[in-house]
Amino acid sequence: MLEHLSIHDFAIIDHLEIDFSNGMTVLTGETGAGKSIIIDAVGLLAGGRGSQNFIRTGSNKLLIQGLFVFPEDGLTYQVLDDMGIEHSDNSVILQREIYRNGRNICRVNGMIVNTAMLKKVGETIVDIHGQNEHQELMQPEKHVHLLDEFGKKEIKDLLIQYQETFDHYQTLKASINEKRSNEKEWSQRLDMLEFQENEISNANLQIGEEEELVSQRDHLLNYQKIVDALNLSFSAINGDDNINPLDIIGEAKNSMESIEEVDPQFREISDNIKNAFYLLQDASDNISDQLDLQEFDQGKLEEIEERLNTIYVLKRKYGDSIEQVLNHYQNVVKELSTMQADQSTGENLNEQYESTLNQLTTLADELNVKRHKVATKLEKSVHDQLSDLYMAKTEFKVNFEKLPIGEFHSYGNERVEFYMRTNPGEAMLPLAKIASGGELSRIMLALKTLFTSVQGVTSIIFDEVDTGVSGRVAQAIAEKISKIAQKSQVLCITHLPQVAAMSDHHYFIEKKIEKDRTMTSIVKLSVQKRVQELARMLSGTTVTDLTLQHANELLKLADETKK
């Protein structure tokens, strides 16, 4: 149940702190005072759609917090565990902030969650039923979901199995249609991928080989230049029979060695000459070795040029480097593997489709059998509930219509629509075409009474569901809501004194203007104040002694009814 609600800067609400209790709580007040705004705030906490337009004028953000308590065996525990959210003492705190810039922050027990997660938790705690829910009864396509909700125990598991099969059926059907429409393009794509795989695979590319080949090619192309440079360098260092520069430098080395002990400067010169002499000797040996290694191979050069050309062609097609070409190759292999697998299984695609279609048909038929049984129970239960709401002569029927052969929806292969007959002797017609506003209110309340036991939520909110009724019907609705409150906490916005009198707790919502700003306030009414408010609701304008007496009588009758 909702135990405490805190609202900051929401619509015309500056700041409200409200404590709630078990049983039936009503919110009353003049039209436009802000009653529905409070329910809207709870709706946001339960994951409803938010908007920066909800933020109070002049404020940067709105903040709503709610403390909820729930039984240990409730579905909320399971949802929180699945989300990895800590919880203790049978309570959960939901919080939501919406900023002017559109930022939306949701928290569950302090942990930031997205709106979908908040809604998943909220659905296990709060069920908000407003006037707009009458639209579900006016939309035949929603009736199957209402029927399934009533028969959740019998239908849920089978419906999940059907929907999984339906999804697979849709996938197979789409694959077949796509394959038929794109068979030519598919074959062309397969041929192209096979060609690319063979072309790159046969090249046997190695990372780094291009650089090595370029180096070898440049060496061969510069063979004569290299040999000439080596010979000239060797001759310059070693001279000929008449003059040997290296021997001359050797003589200079020996001369300086003879006087290097005389002066440190002579030693430095001697060391420099020795270093130069030995370096030139090493260079001469290296040049000689390189000359011995030089060999020109025209065949090798042509082989290198051909290999480089192969690499350049592949780079031009598939990437700017060997690495990119090989990455493209991996993608080709992956896609080709998938297509080849599809090709091998494609021959059995029709068989899979037919098998899945047969399975889907079987499951749909099983769903139909279960729904027909559940519909019989629903019809009787709704009739019993409507009898309590002064619609005993009304007949309620769940009508089934088979879809064309081979046609399926996500819920089965039969259309479900609620029919009713409000007066004996009249034809049974679609509910959406003949029900009045007051009748819709009572039918939805009857369904809600039946669904309370199967939904498992701990807080049910009725937002002016008594619209369009009065007199003894209003009293019957009040008693029905009070009965629901025996199993779940009920918050109810109403303009009917009969409904307000049946409540266990009564809050009055009032709109005031302070310092040129509209403010909404809420106060829990004492017994005396309740009498005053009920009298106002009864009279509409001036409260008289007679309306006060009537209000007192309403409260007494309500207490006797509840006892």
# chains A, B, ... in the order shown; residues from 1 in each chain; ligands from 1

call {"tool": "select_by_dssp", "arguments": {"residues": "region 38-268 of chain A", "states": "strand (DSSP E)", "output": "count of residues only"}}
result
31

call {"tool": "residues_around", "arguments": {"residues": "Val42 (chain A)", "least_positions_apart": "5", "cutoff": "12 Å", "atoms": "only C-alpha atoms", "output": "ChimeraX atom specification"}}
result
/A:1-7,10,18,35-37,47-50,63-68,94-96,119,122-123,125-129,459-461,463,491

call {"tool": "write_last_selection", "arguments": {"atoms": "C-alpha atoms", "output": "mmCIF file, in the first residue's frame"}}
result
data_model
loop_
_atom_site.group_PDB
_atom_site.id
_atom_site.type_symbol
_atom_site.label_atom_id
_atom_site.label_comp_id
_atom_site.auth_asym_id
_atom_site.auth_seq_id
_atom_site.Cartn_x
_atom_site.Cartn_y
_atom_site.Cartn_z
ATOM 1 C CA MET A 1 0.000 0.000 0.000
ATOM 2 C CA LEU A 2 0.980 3.654 -0.388
ATOM 3 C CA GLU A 3 2.006 4.854 3.072
ATOM 4 C CA HIS A 4 3.430 8.298 2.384
ATOM 5 C CA LEU A 5 3.460 10.629 -0.619
ATOM 6 C CA SER A 6 5.676 13.704 -1.016
ATOM 7 C CA ILE A 7 5.110 16.142 -3.910
ATOM 8 C CA PHE A 10 4.177 19.549 -9.525
ATOM 9 C CA ILE A 18 0.392 13.085 2.712
ATOM 10 C CA LYS A 35 -7.433 16.059 -6.797
ATOM 11 C CA SER A 36 -6.496 14.383 -10.064
ATOM 12 C CA ILE A 37 -3.071 16.023 -9.938
ATOM 13 C CA GLY A 47 6.296 4.718 -14.354
ATOM 14 C CA GLY A 48 3.749 6.840 -16.198
ATOM 15 C CA ARG A 49 4.787 9.141 -19.015
ATOM 16 C CA GLY A 50 6.397 12.327 -17.695
ATOM 17 C CA LEU A 63 10.191 15.905 -7.277
ATOM 18 C CA ILE A 64 7.822 13.120 -6.222
ATOM 19 C CA GLN A 65 8.538 10.451 -3.609
ATOM 20 C CA GLY A 66 6.390 7.601 -2.378
ATOM 21 C CA LEU A 67 6.855 5.061 0.395
ATOM 22 C CA PHE A 68 5.080 1.778 -0.310
ATOM 23 C CA LEU A 94 10.041 5.235 -5.404
ATOM 24 C CA GLN A 95 11.356 8.642 -6.457
ATOM 25 C CA ARG A 96 11.131 10.623 -9.661
ATOM 26 C CA LYS A 119 7.092 0.978 -14.443
ATOM 27 C CA GLY A 122 5.079 0.226 -10.115
ATOM 28 C CA GLU A 123 2.789 -2.228 -11.890
ATOM 29 C CA ILE A 125 2.177 -2.025 -6.414
ATOM 30 C CA VAL A 126 -0.327 0.426 -7.901
ATOM 31 C CA ASP A 127 -3.313 0.008 -10.206
ATOM 32 C CA ILE A 128 -4.771 3.327 -11.352
ATOM 33 C CA HIS A 129 -8.267 3.177 -12.775
ATOM 34 C CA SER A 459 -3.007 -0.087 -3.908
ATOM 35 C CA ILE A 460 -5.950 0.563 -6.224
ATOM 36 C CA ILE A 461 -6.810 4.092 -7.289
ATOM 37 C CA ASP A 463 -10.253 8.479 -10.363
ATOM 38 C CA LEU A 491 -7.694 5.727 -2.996
#

call {"tool": "atom_distance", "arguments": {"atom1": "CA of Glu209 (chain A)", "atom2": "CA of Lys225 (chain A)"}}
result
24.9 Å

call {"tool": "residues_around", "arguments": {"residues": "Ala33 (chain A)", "least_positions_apart": "5", "cutoff": "7 Å", "atoms": "only C-alpha atoms", "output": "PyMOL selection string"}}
result
chain A and resi 509-511+520

call {"tool": "residues_around", "arguments": {"residues": "region 140-154 of chain A", "least_positions_apart": "4", "cutoff": "12 Å", "atoms": "only C-alpha atoms", "output": "MDAnalysis selection string"}}
result
chainID A and resid 133:136 158:160 366:379 381:382 397:401 409:419 430:433 444 446:456

call {"tool": "closest_residue", "arguments": {"among": "A:Leu230, A:Ile484, A:Asn222, A:Thr171", "to": "Asp289 (chain A)", "atoms": "only C-alpha atoms"}}
result
A:Leu230

call {"tool": "atom_distance", "arguments": {"atom1": "CA of Val227 (chain A)", "atom2": "CA of Leu308 (chain A)"}}
result
25.0 Å

call {"tool": "atom_distance", "arguments": {"atom1": "CA of Asn423 (chain A)", "atom2": "CA of Ala392 (chain A)"}}
result
9.9 Å

call {"tool": "select_by_dssp", "arguments": {"residues": "region 82-235 of chain A", "states": "alpha helix (DSSP H)", "output": "PyMOL selection string"}}
result
chain A and resi 82-83+115-122+134-138+143-150+152-181+183-203+209-221+223-235

call {"tool": "residues_around", "arguments": {"residues": "Arg530 (chain A)", "least_positions_apart": "6", "cutoff": "10 Å", "atoms": "only C-alpha atoms", "output": "PyMOL selection string"}}
result
chain A and resi 500-501+505-508+524+536+551-552+555

call {"tool": "write_last_selection", "arguments": {"atoms": "all heavy atoms", "output": "CSV table (one decimal), in the first residue's frame"}}
result
chain,number,residue,atom,x,y,z
A,500,ALA,N,-18.2,9.0,-0.8
A,500,ALA,CA,-17.3,9.6,0.3
A,500,ALA,C,-17.7,9.2,1.7
A,500,ALA,O,-16.8,8.9,2.5
A,500,ALA,CB,-17.4,11.2,0.2
A,501,ALA,N,-19.0,9.0,1.9
A,501,ALA,CA,-19.5,8.5,3.2
A,501,ALA,C,-19.0,7.1,3.5
A,501,ALA,O,-18.8,6.8,4.7
A,501,ALA,CB,-21.0,8.6,3.3
A,505,HIS,N,-11.2,6.9,5.4
A,505,HIS,CA,-10.4,8.2,5.6
A,505,HIS,C,-10.8,9.2,4.6
A,505,HIS,O,-11.0,8.8,3.4
A,505,HIS,CB,-8.9,7.9,5.5
A,505,HIS,CG,-8.5,6.6,6.2
A,505,HIS,ND1,-8.3,6.5,7.6
A,505,HIS,CD2,-8.2,5.4,5.7
A,505,HIS,CE1,-7.9,5.3,7.9
A,505,HIS,NE2,-7.9,4.6,6.8
A,506,HIS,N,-10.9,10.4,5.0
A,506,HIS,CA,-11.5,11.4,4.0
A,506,HIS,C,-10.5,12.6,4.0
A,506,HIS,O,-10.2,13.3,5.1
A,506,HIS,CB,-12.9,11.9,4.5
A,506,HIS,CG,-13.6,12.7,3.5
A,506,HIS,ND1,-15.0,12.8,3.5
A,506,HIS,CD2,-13.2,13.5,2.5
A,506,HIS,CE1,-15.4,13.6,2.5
A,506,HIS,NE2,-14.3,14.0,1.9
A,507,TYR,N,-10.0,13.0,2.8
A,507,TYR,CA,-9.1,14.1,2.7
A,507,TYR,C,-9.9,15.2,1.8
A,507,TYR,O,-10.5,14.8,0.8
A,507,TYR,CB,-7.8,13.7,2.0
A,507,TYR,CG,-6.9,13.0,2.9
A,507,TYR,CD1,-6.9,11.6,2.9
A,507,TYR,CD2,-5.9,13.7,3.6
A,507,TYR,CE1,-6.0,10.9,3.7
A,507,TYR,CE2,-5.0,13.0,4.4
A,507,TYR,CZ,-5.1,11.6,4.5
A,507,TYR,OH,-4.2,10.9,5.3
A,508,PHE,N,-9.6,16.4,2.2
A,508,PHE,CA,-10.3,17.5,1.4
A,508,PHE,C,-9.1,18.3,0.7
A,508,PHE,O,-8.1,18.7,1.3
A,508,PHE,CB,-11.0,18.5,2.4
A,508,PHE,CG,-11.6,19.6,1.7
A,508,PHE,CD1,-12.7,19.4,0.8
A,508,PHE,CD2,-11.1,20.9,1.8
A,508,PHE,CE1,-13.3,20.5,0.2
A,508,PHE,CE2,-11.7,22.0,1.2
A,508,PHE,CZ,-12.8,21.8,0.3
A,524,LYS,N,-6.7,16.2,6.2
A,524,LYS,CA,-7.6,15.0,6.6
A,524,LYS,C,-8.7,15.5,7.5
A,524,LYS,O,-8.5,16.3,8.5
A,524,LYS,CB,-6.7,14.0,7.4
A,524,LYS,CG,-7.5,12.7,7.6
A,524,LYS,CD,-6.5,11.6,8.2
A,524,LYS,CE,-7.3,10.3,8.3
A,524,LYS,NZ,-6.4,9.3,8.9
A,536,ARG,N,-21.8,19.8,1.8
A,536,ARG,CA,-21.5,20.6,0.6
A,536,ARG,C,-21.7,19.8,-0.6
A,536,ARG,O,-22.2,20.3,-1.6
A,536,ARG,CB,-20.0,21.1,0.7
A,536,ARG,CG,-19.6,22.0,-0.5
A,536,ARG,CD,-18.1,22.1,-0.5
A,536,ARG,NE,-17.5,20.8,-0.9
A,536,ARG,CZ,-17.4,20.3,-2.1
A,536,ARG,NH1,-18.0,21.0,-3.1
A,536,ARG,NH2,-16.8,19.2,-2.3
A,551,ALA,N,-26.3,14.6,5.8
A,551,ALA,CA,-24.9,14.1,5.8
A,551,ALA,C,-24.6,13.2,7.0
A,551,ALA,O,-23.9,12.2,6.8
A,551,ALA,CB,-23.9,15.3,5.8
A,552,ASN,N,-25.1,13.6,8.1
A,552,ASN,CA,-24.9,12.8,9.3
A,552,ASN,C,-25.6,11.4,9.1
A,552,ASN,O,-25.0,10.3,9.5
A,552,ASN,CB,-25.6,13.4,10.5
A,552,ASN,CG,-24.6,14.3,11.3
A,552,ASN,OD1,-23.5,13.8,11.7
A,552,ASN,ND2,-24.9,15.5,11.6
A,555,LEU,N,-23.4,9.1,6.9
A,555,LEU,CA,-22.3,8.5,7.6
A,555,LEU,C,-22.7,7.4,8.5
A,555,LEU,O,-22.1,6.3,8.6
A,555,LEU,CB,-21.6,9.6,8.5
A,555,LEU,CG,-20.7,10.6,7.8
A,555,LEU,CD1,-20.1,11.7,8.7
A,555,LEU,CD2,-19.5,9.8,7.1
